[in-house]
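Text of the file model-v4.cif, holding mmCIF, C-alpha atoms:
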```cif
data_start
loop_
_atom_site.group_PDB
_atom_site.id
_atom_site.type_symbol
_atom_site.label_atom_id
_atom_site.label_comp_id
_atom_site.auth_asym_id
_atom_site.auth_seq_id
_atom_site.Cartn_x
_atom_site.Cartn_y
_atom_site.Cartn_z
ATOM 1 C CA MET A 25 -12.159 36.541 -1.296
ATOM 2 C CA LYS A 26 -8.379 36.961 -1.499
ATOM 3 C CA ASN A 27 -8.050 34.014 0.883
ATOM 4 C CA ASN A 28 -10.143 31.810 -1.392
ATOM 5 C CA ILE A 29 -8.103 32.748 -4.479
ATOM 6 C CA THR A 30 -4.916 31.786 -2.639
ATOM 7 C CA LYS A 31 -6.511 28.460 -1.638
ATOM 8 C CA ILE A 32 -7.645 27.771 -5.191
ATOM 9 C CA ILE A 33 -4.204 28.569 -6.640
ATOM 10 C CA LEU A 34 -2.457 26.369 -4.062
ATOM 11 C CA THR A 35 -4.928 23.534 -4.648
ATOM 12 C CA VAL A 36 -4.434 23.719 -8.431
ATOM 13 C CA ILE A 37 -0.655 23.550 -7.878
ATOM 14 C CA ALA A 38 -1.140 20.515 -5.587
ATOM 15 C CA LEU A 39 -3.357 18.799 -8.175
ATOM 16 C CA ILE A 40 -0.853 19.494 -10.963
ATOM 17 C CA ILE A 41 1.918 17.993 -8.791
ATOM 18 C CA ILE A 42 -0.252 14.894 -8.134
ATOM 19 C CA GLY A 43 -1.082 14.569 -11.837
ATOM 20 C CA LEU A 44 2.534 14.931 -12.960
ATOM 21 C CA THR A 45 3.700 12.441 -10.331
ATOM 22 C CA ILE A 46 1.127 9.849 -11.409
ATOM 23 C CA TRP A 47 2.066 10.439 -15.061
ATOM 24 C CA TYR A 48 5.764 9.978 -14.193
ATOM 25 C CA MET A 49 5.017 6.806 -12.222
ATOM 26 C CA TYR A 50 3.082 5.101 -14.970
ATOM 27 C CA SER A 51 4.686 6.386 -18.164
ATOM 28 C CA ASN A 52 8.373 6.350 -17.453
ATOM 29 C CA GLY A 53 9.046 2.626 -17.304
ATOM 30 C CA GLY A 54 9.887 -0.035 -19.839
ATOM 31 C CA SER A 55 11.980 0.335 -22.929
ATOM 32 C CA ASN A 56 11.683 2.721 -25.869
ATOM 33 C CA GLU A 57 13.544 0.495 -28.318
ATOM 34 C CA LYS A 58 13.140 -2.982 -29.775
ATOM 35 C CA GLY A 59 15.504 -5.567 -28.421
ATOM 36 C CA GLU A 60 16.243 -8.814 -26.687
ATOM 37 C CA ILE A 61 16.704 -9.496 -23.003
ATOM 38 C CA THR A 62 17.637 -12.555 -20.996
ATOM 39 C CA ILE A 63 15.155 -13.585 -18.334
ATOM 40 C CA VAL A 64 16.521 -15.600 -15.424
ATOM 41 C CA VAL A 65 14.340 -17.000 -12.656
ATOM 42 C CA ILE A 66 15.920 -18.554 -9.567
ATOM 43 C CA ASP A 67 13.793 -20.484 -7.067
ATOM 44 C CA GLU A 68 14.126 -20.942 -3.292
ATOM 45 C CA THR A 69 16.726 -23.705 -3.684
ATOM 46 C CA GLY A 70 18.949 -21.478 -5.838
ATOM 47 C CA THR A 71 18.128 -23.416 -8.995
ATOM 48 C CA LYS A 72 17.780 -21.543 -12.291
ATOM 49 C CA ILE A 73 14.361 -22.642 -13.471
ATOM 50 C CA ILE A 74 14.260 -20.195 -16.396
ATOM 51 C CA ASN A 75 17.166 -18.847 -18.422
ATOM 52 C CA GLU A 76 16.094 -17.717 -21.855
ATOM 53 C CA GLU A 77 16.290 -14.856 -24.314
ATOM 54 C CA ILE A 78 13.128 -12.987 -25.189
ATOM 55 C CA SER A 79 12.571 -10.424 -27.936
ATOM 56 C CA TYR A 80 10.389 -7.423 -27.280
ATOM 57 C CA ASP A 81 8.929 -4.501 -29.195
ATOM 58 C CA ASN A 82 9.495 -0.870 -28.355
ATOM 59 C CA ARG A 83 7.277 0.903 -25.796
ATOM 60 C CA THR A 84 6.738 -2.171 -23.703
ATOM 61 C CA THR A 85 7.046 -2.802 -19.974
ATOM 62 C CA MET A 86 8.628 -5.659 -18.076
ATOM 63 C CA TYR A 87 5.178 -6.558 -16.802
ATOM 64 C CA ALA A 88 3.910 -6.932 -20.398
ATOM 65 C CA ILE A 89 6.908 -9.094 -21.376
ATOM 66 C CA LEU A 90 6.481 -11.373 -18.361
ATOM 67 C CA ASP A 91 2.720 -11.555 -18.792
ATOM 68 C CA ASP A 92 3.091 -12.547 -22.466
ATOM 69 C CA ASN A 93 5.674 -15.254 -21.823
ATOM 70 C CA TYR A 94 5.090 -16.644 -18.330
ATOM 71 C CA ASP A 95 2.449 -17.406 -15.766
ATOM 72 C CA ILE A 96 2.760 -14.507 -13.330
ATOM 73 C CA GLU A 97 0.852 -12.814 -10.531
ATOM 74 C CA VAL A 98 1.275 -9.192 -9.440
ATOM 75 C CA GLU A 99 -0.285 -7.804 -6.272
ATOM 76 C CA SER A 100 -0.229 -4.054 -5.544
ATOM 77 C CA GLY A 101 2.629 -3.616 -7.995
ATOM 78 C CA PHE A 102 4.696 -6.429 -6.474
ATOM 79 C CA LEU A 103 5.540 -9.524 -8.454
ATOM 80 C CA VAL A 104 4.428 -12.320 -6.122
ATOM 81 C CA ARG A 105 4.663 -15.300 -8.486
ATOM 82 C CA ILE A 106 6.469 -16.213 -11.678
ATOM 83 C CA GLU A 107 5.773 -19.778 -12.777
ATOM 84 C CA ASN A 108 6.381 -21.931 -9.665
ATOM 85 C CA VAL A 109 8.437 -19.349 -7.779
ATOM 86 C CA GLU A 110 6.060 -17.779 -5.308
ATOM 87 C CA ALA A 111 6.688 -15.181 -2.552
ATOM 88 C CA ARG A 112 3.302 -13.990 -1.459
ATOM 89 C CA ASN A 113 4.073 -13.022 2.130
ATOM 90 C CA ARG A 114 6.572 -10.143 1.975
ATOM 91 C CA GLN A 115 7.382 -10.594 5.640
ATOM 92 C CA VAL A 116 8.868 -14.003 4.800
ATOM 93 C CA ALA A 117 10.308 -13.651 1.302
ATOM 94 C CA PHE A 118 10.079 -11.635 -1.897
ATOM 95 C CA ILE A 119 11.104 -11.871 -5.520
ATOM 96 C CA LYS A 120 14.142 -9.637 -5.874
ATOM 97 C CA ILE A 121 14.740 -8.165 -9.315
ATOM 98 C CA TRP A 122 18.247 -7.673 -10.634
ATOM 99 C CA ILE A 123 19.210 -5.845 -13.823
ATOM 100 C CA ASN A 124 22.702 -6.993 -14.883
ATOM 101 C CA ASP A 125 23.547 -7.909 -11.263
ATOM 102 C CA ILE A 126 22.351 -4.547 -9.922
ATOM 103 C CA PRO A 127 19.179 -4.521 -7.776
ATOM 104 C CA SER A 128 16.301 -2.886 -9.637
ATOM 105 C CA GLN A 129 15.101 0.372 -8.119
ATOM 106 C CA LYS A 130 11.585 -0.181 -9.438
ATOM 107 C CA GLY A 131 9.043 -2.962 -9.860
ATOM 108 C CA VAL A 132 7.917 -4.768 -13.020
ATOM 109 C CA MET A 133 5.425 -2.033 -13.923
ATOM 110 C CA GLN A 134 7.961 0.795 -13.856
ATOM 111 C CA MET A 135 11.483 -0.587 -14.242
ATOM 112 C CA LYS A 136 13.611 0.509 -17.192
ATOM 113 C CA PHE A 137 15.660 -1.918 -19.259
ATOM 114 C CA ASN A 138 17.670 -1.972 -22.454
ATOM 115 C CA ASP A 139 18.540 -4.312 -25.269
ATOM 116 C CA GLY A 140 20.933 -7.018 -24.061
ATOM 117 C CA ASP A 141 20.109 -6.707 -20.355
ATOM 118 C CA ILE A 142 19.965 -9.751 -18.122
ATOM 119 C CA ILE A 143 16.940 -9.505 -15.849
ATOM 120 C CA SER A 144 16.972 -11.914 -12.913
ATOM 121 C CA PHE A 145 14.058 -12.717 -10.636
ATOM 122 C CA VAL A 146 15.420 -14.287 -7.486
ATOM 123 C CA TYR A 147 13.415 -15.779 -4.637
ATOM 124 C CA THR A 148 14.923 -14.010 -1.603
ATOM 125 C CA GLU A 149 14.204 -14.888 2.011
ATOM 126 C CA ILE A 150 14.079 -12.098 4.566
ATOM 127 C CA GLY A 151 16.519 -11.990 7.463
ATOM 128 C CA MET B 14 -11.680 7.779 34.415
ATOM 129 C CA ILE B 15 -12.901 7.537 30.838
ATOM 130 C CA ARG B 16 -16.673 8.013 30.390
ATOM 131 C CA VAL B 17 -19.003 5.878 28.287
ATOM 132 C CA LYS B 18 -19.709 8.836 25.986
ATOM 133 C CA ASP B 19 -15.978 9.323 25.453
ATOM 134 C CA ILE B 20 -15.623 5.653 24.545
ATOM 135 C CA THR B 21 -18.512 6.067 22.093
ATOM 136 C CA ILE B 22 -16.953 9.112 20.438
ATOM 137 C CA ILE B 23 -13.568 7.411 20.216
ATOM 138 C CA ALA B 24 -15.107 4.270 18.684
ATOM 139 C CA ILE B 25 -17.109 6.192 16.062
ATOM 140 C CA LEU B 26 -14.238 8.458 15.072
ATOM 141 C CA ALA B 27 -11.777 5.535 14.954
ATOM 142 C CA ALA B 28 -14.207 3.705 12.647
ATOM 143 C CA ILE B 29 -14.434 6.745 10.337
ATOM 144 C CA LEU B 30 -10.643 7.027 10.227
ATOM 145 C CA PHE B 31 -10.188 3.332 9.476
ATOM 146 C CA ILE B 32 -12.948 3.086 6.865
ATOM 147 C CA GLN B 33 -11.768 6.099 4.829
ATOM 148 C CA GLU B 34 -8.294 4.600 4.594
ATOM 149 C CA GLN B 35 -9.678 1.292 3.320
ATOM 150 C CA ALA B 36 -12.114 3.062 0.956
ATOM 151 C CA LEU B 37 -9.308 5.080 -0.641
ATOM 152 C CA MET B 38 -6.955 2.093 -0.894
ATOM 153 C CA GLY B 39 -7.393 1.966 -4.679
ATOM 154 C CA LEU B 40 -5.802 5.385 -5.143
ATOM 155 C CA PRO B 41 -2.001 5.508 -4.917
ATOM 156 C CA ASN B 42 -1.290 6.889 -1.438
ATOM 157 C CA VAL B 43 -4.250 9.270 -1.458
ATOM 158 C CA GLN B 44 -5.808 9.201 1.999
ATOM 159 C CA LEU B 45 -7.446 11.589 4.424
ATOM 160 C CA THR B 46 -5.677 10.227 7.508
ATOM 161 C CA VAL B 47 -3.496 13.290 8.112
ATOM 162 C CA LEU B 48 -6.462 15.641 7.679
ATOM 163 C CA ILE B 49 -8.674 13.576 9.993
ATOM 164 C CA LEU B 50 -6.036 13.256 12.713
ATOM 165 C CA ILE B 51 -5.453 17.022 12.631
ATOM 166 C CA VAL B 52 -9.213 17.651 12.863
ATOM 167 C CA TYR B 53 -9.602 15.144 15.713
ATOM 168 C CA THR B 54 -6.700 16.635 17.677
ATOM 169 C CA LYS B 55 -8.068 20.144 17.338
ATOM 170 C CA ALA B 56 -11.740 19.228 17.909
ATOM 171 C CA ILE B 57 -11.691 16.517 20.595
ATOM 172 C CA GLY B 58 -8.219 16.850 22.079
ATOM 173 C CA VAL B 59 -4.876 15.107 22.132
ATOM 174 C CA LYS B 60 -5.701 12.265 24.572
ATOM 175 C CA LYS B 61 -8.723 10.980 22.668
ATOM 176 C CA THR B 62 -6.866 11.279 19.367
ATOM 177 C CA ILE B 63 -3.980 9.218 20.760
ATOM 178 C CA LEU B 64 -6.458 6.467 21.687
ATOM 179 C CA ILE B 65 -7.964 6.673 18.182
ATOM 180 C CA VAL B 66 -4.489 6.341 16.644
ATOM 181 C CA LEU B 67 -3.827 3.266 18.808
ATOM 182 C CA ILE B 68 -7.092 1.627 17.741
ATOM 183 C CA HIS B 69 -6.492 2.534 14.100
ATOM 184 C CA THR B 70 -2.949 1.146 14.040
ATOM 185 C CA ILE B 71 -3.979 -2.104 15.772
ATOM 186 C CA LEU B 72 -6.899 -2.556 13.343
ATOM 187 C CA ASP B 73 -4.677 -1.846 10.355
ATOM 188 C CA ASN B 74 -2.165 -4.454 11.507
ATOM 189 C CA LEU B 75 -4.868 -6.984 12.288
ATOM 190 C CA LEU B 76 -6.255 -6.570 8.780
ATOM 191 C CA TRP B 77 -2.981 -6.628 6.835
ATOM 192 C CA GLY B 78 -0.991 -8.967 9.060
ATOM 193 C CA PHE B 79 0.648 -8.032 12.340
ATOM 194 C CA ASP B 80 4.350 -7.341 12.172
ATOM 195 C CA ILE B 81 6.073 -5.444 14.963
ATOM 196 C CA ARG B 82 8.578 -4.022 12.440
ATOM 197 C CA TYR B 83 5.756 -2.155 10.711
ATOM 198 C CA PHE B 84 3.527 -1.625 13.752
ATOM 199 C CA ILE B 85 6.001 0.578 15.662
ATOM 200 C CA PRO B 86 6.916 3.031 12.855
ATOM 201 C CA MET B 87 3.268 3.240 11.815
ATOM 202 C CA LEU B 88 2.222 4.025 15.382
ATOM 203 C CA LEU B 89 5.009 6.590 15.814
ATOM 204 C CA GLY B 90 4.210 8.204 12.463
ATOM 205 C CA TRP B 91 0.559 8.737 13.291
ATOM 206 C CA LEU B 92 1.168 9.605 16.985
ATOM 207 C CA PHE B 93 3.505 12.394 15.916
ATOM 208 C CA ILE B 94 0.462 14.334 14.666
ATOM 209 C CA PRO B 95 -1.494 14.636 17.955
ATOM 210 C CA PHE B 96 1.689 14.954 20.016
ATOM 211 C CA SER B 97 3.102 17.819 17.955
ATOM 212 C CA LEU B 98 -0.260 19.576 17.619
ATOM 213 C CA GLY B 99 -0.720 19.319 21.370
ATOM 214 C CA THR B 100 2.701 20.750 22.136
ATOM 215 C CA ILE B 101 4.923 22.680 19.722
ATOM 216 C CA PHE B 102 2.147 23.470 17.227
ATOM 217 C CA LYS B 103 -0.607 23.954 19.824
ATOM 218 C CA LYS B 104 -1.350 27.514 18.765
ATOM 219 C CA VAL B 105 -1.488 26.747 15.045
ATOM 220 C CA GLU B 106 -5.078 27.140 13.843
ATOM 221 C CA LYS B 107 -4.810 28.570 10.320
ATOM 222 C CA PRO B 108 -5.733 26.008 7.636
ATOM 223 C CA LEU B 109 -2.808 27.088 5.448
ATOM 224 C CA THR B 110 -0.261 26.548 8.235
ATOM 225 C CA LEU B 111 -1.888 23.222 9.134
ATOM 226 C CA ALA B 112 -1.814 22.231 5.463
ATOM 227 C CA ILE B 113 1.933 22.935 5.368
ATOM 228 C CA LEU B 114 2.284 20.849 8.545
ATOM 229 C CA GLY B 115 0.314 18.151 6.701
ATOM 230 C CA ILE B 116 3.120 17.964 4.120
ATOM 231 C CA LEU B 117 5.624 17.509 6.955
ATOM 232 C CA TYR B 118 3.496 14.793 8.599
ATOM 233 C CA ALA B 119 3.114 12.922 5.303
ATOM 234 C CA PHE B 120 6.875 12.834 4.707
ATOM 235 C CA ILE B 121 7.719 11.916 8.318
ATOM 236 C CA TYR B 122 5.227 9.043 8.231
ATOM 237 C CA SER B 123 6.560 7.815 4.869
ATOM 238 C CA TRP B 124 10.203 7.935 6.008
ATOM 239 C CA LEU B 125 9.391 6.093 9.246
ATOM 240 C CA MET B 126 7.681 3.388 7.190
ATOM 241 C CA ALA B 127 10.887 2.959 5.168
ATOM 242 C CA PHE B 128 12.917 1.805 8.184
ATOM 243 C CA PRO B 129 11.464 -1.731 8.372
ATOM 244 C CA GLN B 130 12.899 -2.273 4.872
ATOM 245 C CA LEU B 131 16.379 -1.959 6.417
ATOM 246 C CA LEU B 132 15.643 -5.142 8.372
ATOM 247 C CA ILE B 133 14.767 -6.918 5.135
ATOM 248 C CA ASP B 134 17.742 -5.956 2.987
ATOM 249 C CA LYS B 135 19.922 -2.860 2.545
ATOM 250 C CA SER B 136 19.369 -2.804 -1.212
ATOM 251 C CA VAL B 137 15.629 -3.144 -0.633
ATOM 252 C CA PHE B 138 15.805 -0.140 1.714
ATOM 253 C CA ILE B 139 17.469 2.050 -0.931
ATOM 254 C CA THR B 140 15.101 0.760 -3.605
ATOM 255 C CA TYR B 141 12.152 1.466 -1.340
ATOM 256 C CA LEU B 142 13.367 5.008 -0.528
ATOM 257 C CA ILE B 143 13.774 5.877 -4.212
ATOM 258 C CA GLY B 144 10.638 4.098 -5.362
ATOM 259 C CA ASP B 145 8.560 5.673 -2.596
ATOM 260 C CA ILE B 146 9.358 9.304 -3.531
ATOM 261 C CA PRO B 147 6.443 9.674 -6.013
ATOM 262 C CA PHE B 148 4.062 8.119 -3.471
ATOM 263 C CA GLU B 149 5.342 10.496 -0.775
ATOM 264 C CA ILE B 150 4.747 13.471 -3.082
ATOM 265 C CA ILE B 151 1.180 12.326 -3.797
ATOM 266 C CA PHE B 152 0.546 11.719 -0.091
ATOM 267 C CA ALA B 153 1.917 15.174 0.847
ATOM 268 C CA ALA B 154 0.120 17.054 -1.945
ATOM 269 C CA SER B 155 -3.239 15.361 -1.315
ATOM 270 C CA SER B 156 -2.895 15.970 2.441
ATOM 271 C CA PHE B 157 -2.076 19.624 1.776
ATOM 272 C CA ALA B 158 -5.084 20.200 -0.500
ATOM 273 C CA THR B 159 -7.587 18.355 1.699
ATOM 274 C CA ILE B 160 -6.475 20.126 4.882
ATOM 275 C CA LEU B 161 -6.650 23.480 3.125
ATOM 276 C CA TRP B 162 -10.298 22.971 2.131
ATOM 277 C CA LEU B 163 -11.767 20.512 4.617
ATOM 278 C CA TYR B 164 -10.119 21.303 7.950
ATOM 279 C CA GLU B 165 -12.393 24.165 8.966
ATOM 280 C CA PRO B 166 -15.769 22.615 7.948
ATOM 281 C CA LEU B 167 -14.892 19.212 9.444
ATOM 282 C CA LYS B 168 -13.687 20.709 12.693
ATOM 283 C CA LYS B 169 -16.890 22.743 12.913
ATOM 284 C CA VAL B 170 -19.053 19.642 12.332
ATOM 285 C CA ILE B 171 -17.286 17.503 14.931
ATOM 286 C CA THR B 172 -17.193 20.282 17.515
ATOM 287 C CA ASN B 173 -20.916 21.008 16.945
ATOM 288 C CA LEU B 174 -21.871 17.332 17.168
ATOM 289 C CA GLU B 175 -19.973 16.910 20.385
ATOM 290 C CA THR B 176 -21.618 19.980 21.882
ATOM 291 C CA GLN B 177 -25.058 18.920 20.620
ATOM 292 C CA TYR B 178 -25.009 15.311 21.796
ATOM 293 C CA PHE B 179 -22.689 15.385 24.745
ATOM 294 C CA GLY B 180 -23.026 18.947 25.981
ATOM 295 C CA GLN B 181 -19.335 19.641 25.922
ATOM 296 C CA LYS B 182 -16.850 21.322 23.696
#
```
How does the structure come out when it is put into C-alpha cells?
Amino acid sequence: MKNNITKIILTVIALIIIGLTIWYMYSNGGSNEKGEITIVVIDETGTKIINEEISYDNRTTMYAILDDNYDIEVESGFLVRIENVEARNRQVAFIKIWINDIPSQKGVMQMKFNDGDIISFVYTEIG
Amino acid sequence: MIRVKDITIIAILAAILFIQEQALMGLPNVQLTVLILIVYTKAIGVKKTILIVLIHTILDNLLWGFDIRYFIPMLLGWLFIPFSLGTIFKKVEKPLTLAILGILYAFIYSWLMAFPQLLIDKSVFITYLIGDIPFEIIFAASSFATILWLYEPLKKVITNLETQYFGQK
C-alpha cells in the first residue's frame, strides 16, 4: 500500500514535469510585442533571394510570420524549404537561422525575436 | 550455437521494440525503448538483448537513412542498457531503482546523439544541446514513470511466455 502511494506520487511528479516541459516548449517562443523584422534568405550560391521588412502583431511565432508571407515547408520542427531554398536531407545541408548574426538556439516554432531584429535563413552545407 | 527458438524470440521482441518506437513517433520523445530494453535484459538475458539492440538500430537506420555518424552513438546509447544491467547493475531488481537508472539511460542516450551535431557545425552542436534539454527531460520522465509501473508486469509476462512456450526461464 505504502509502496503504491510512493509510486503514484512519483508518477504524478513525472507527469507534471512532462506537462510543464511541453508547455514551456510550445508557449515560450515568438514575440510578445508588435514590431517589424527584416527577413533575409540566402540560397546555396550565397545570393540573397529575399531581403525585406515585415510587420507582425504581438503573440506571434516566426513560423506564423513565415507561413503568412512565404511558401515554406516544416518537417518535424525543422524548416526544410523557404521559397526555392530547400534543404530536405539534413545529412547534406540545412537552413541555418541567424538572429542579428547570432545562430538561433531554437527553430521557427520556438525561437524568440524582437522588434528590429534581422532574421536570416541561410542554406548551409554540412562538412 | 544459437537455436531456432532463440532466433524466433529475438525476432519477435525486436519487432515489438521497433514498432512501439514508430507508433509513439508523434509524441515528443515519449517512447518505451528504455523500459523494454530493461525488461528484455532482465527477462531473457544480456546476449539476446544485445542482438535485439543491433537489429533495432539497423532497422531504425534503414528506415530513416543510414548514416554512420548517427548509427554508432545510437548503438552505443542503447547497448549501454544491457551491458550495464548485466554487469555493474546486475543485482538491481527494484522497479524504483531501475526507474532511476532509466533517467540515467535516457540522458546518456540523448547526449550521445548530440555528438554527430559536432561534425555538422559547432554552433549547431550548442544549439542542439540547448534545444534538446526539454526533449531529454520528457524522455527521462516518461521512462521513469513507465519503468516504475510496467517493469514488473512486463517482465512477468515475458518470463512466463518463455517458460510456457520454450520450457526455459
Evaluate the PyMOL selection byres ((chain A) within 8 of (chain B)) and record the selected residues as an MDAnalysis selection string, following the chain and residue labels used in the document. chainID A and resid 31 34:35 38:39 41:42 45:46 49 115 127:130 150:151
Please identify all polymer residues within 9 Å of region 65-73 of chain B, counting all atoms listed in the file, omitting same-chain residues fewer than 4 positions from it, and present them as an MDAnalysis selection string. chainID B and resid 23:24 26:28 30:31 50 53 60:61 77:79 84 87:88 91:92 95
Those same residues, written as a PDB file, in the frame of the given file with C-alpha atoms?
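Dumped to again_11.pdb:
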```
ATOM      1  CA  ILE B  23     -13.568   7.411  20.216  1.00  0.00           C
ATOM      2  CA  ALA B  24     -15.107   4.270  18.684  1.00  0.00           C
ATOM      3  CA  LEU B  26     -14.238   8.458  15.072  1.00  0.00           C
ATOM      4  CA  ALA B  27     -11.777   5.535  14.954  1.00  0.00           C
ATOM      5  CA  ALA B  28     -14.207   3.705  12.647  1.00  0.00           C
ATOM      6  CA  LEU B  30     -10.643   7.027  10.227  1.00  0.00           C
ATOM      7  CA  PHE B  31     -10.188   3.332   9.476  1.00  0.00           C
ATOM      8  CA  LEU B  50      -6.036  13.256  12.713  1.00  0.00           C
ATOM      9  CA  TYR B  53      -9.602  15.144  15.713  1.00  0.00           C
ATOM     10  CA  LYS B  60      -5.701  12.265  24.572  1.00  0.00           C
ATOM     11  CA  LYS B  61      -8.723  10.980  22.668  1.00  0.00           C
ATOM     12  CA  TRP B  77      -2.981  -6.628   6.835  1.00  0.00           C
ATOM     13  CA  GLY B  78      -0.991  -8.967   9.060  1.00  0.00           C
ATOM     14  CA  PHE B  79       0.648  -8.032  12.340  1.00  0.00           C
ATOM     15  CA  PHE B  84       3.527  -1.625  13.752  1.00  0.00           C
ATOM     16  CA  MET B  87       3.268   3.240  11.815  1.00  0.00           C
ATOM     17  CA  LEU B  88       2.222   4.025  15.382  1.00  0.00           C
ATOM     18  CA  TRP B  91       0.559   8.737  13.291  1.00  0.00           C
ATOM     19  CA  LEU B  92       1.168   9.605  16.985  1.00  0.00           C
ATOM     20  CA  PRO B  95      -1.494  14.636  17.955  1.00  0.00           C
TER      21      PRO B  95
END
```
Specify the axis-aligned box that encloses all atoms of region 62-68 of chain B listed in the file after padding of 4 Å on each side, stating its centre and edge lengths in Å to one decimal as AutoDock Vina command-line options.
```
--center_x -5.9 --center_y 6.5 --center_z 19.2 --size_x 12.1 --size_y 17.7 --size_z 13.0
```
Excluding region 95-98 of chain A and residues on its chain fewer than 5 positions from it, collect all residues at most 9 Å away from it, counting all atoms listed in the file, and give them as a PyMOL selection string. chain A and resi 87+90+103-108+110+132
Put those residues in a file: C-alpha atoms, as a PDB file, in the frame of the given file.
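Listing of part.pdb after writing:
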```pdb
ATOM      1  CA  TYR A  87       5.178  -6.558 -16.802  1.00  0.00           C
ATOM      2  CA  LEU A  90       6.481 -11.373 -18.361  1.00  0.00           C
ATOM      3  CA  LEU A 103       5.540  -9.524  -8.454  1.00  0.00           C
ATOM      4  CA  VAL A 104       4.428 -12.320  -6.122  1.00  0.00           C
ATOM      5  CA  ARG A 105       4.663 -15.300  -8.486  1.00  0.00           C
ATOM      6  CA  ILE A 106       6.469 -16.213 -11.678  1.00  0.00           C
ATOM      7  CA  GLU A 107       5.773 -19.778 -12.777  1.00  0.00           C
ATOM      8  CA  ASN A 108       6.381 -21.931  -9.665  1.00  0.00           C
ATOM      9  CA  GLU A 110       6.060 -17.779  -5.308  1.00  0.00           C
ATOM     10  CA  VAL A 132       7.917  -4.768 -13.020  1.00  0.00           C
TER      11      VAL A 132
END
```
When the PyMOL selection byres ((chain B and resi 167) around 12) is applied to the structure above, which residues does it catch, written out as a PyMOL selection string? chain B and resi 45+48-57+108+159-166+168-174
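Pairwise distance (CA of Leu111 (chain B), CA of Ile15 (chain B)) equals 29.0 Å.
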Could you check how far CA of Ile32 (chain A) sits from CA of Leu98 (chain B), in Å to one decimal? 25.3 Å
Under the PyMOL selection byres ((chain A and resi 118) around 7), which residues of this model are included? Write them out as a PDB file with C-alpha atoms, in the coordinates of the input.
```
ATOM      1  CA  ALA A 111       6.688 -15.181  -2.552  1.00  0.00           C
ATOM      2  CA  ARG A 114       6.572 -10.143   1.975  1.00  0.00           C
ATOM      3  CA  ALA A 117      10.308 -13.651   1.302  1.00  0.00           C
ATOM      4  CA  ILE A 119      11.104 -11.871  -5.520  1.00  0.00           C
ATOM      5  CA  LYS A 120      14.142  -9.637  -5.874  1.00  0.00           C
ATOM      6  CA  TYR A 147      13.415 -15.779  -4.637  1.00  0.00           C
ATOM      7  CA  THR A 148      14.923 -14.010  -1.603  1.00  0.00           C
ATOM      8  CA  GLU A 149      14.204 -14.888   2.011  1.00  0.00           C
TER       9      GLU A 149
END
```
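When CA of Ile123 (chain A) is paired with CA of Glu77 (chain A), their separation reads 14.1 Å.
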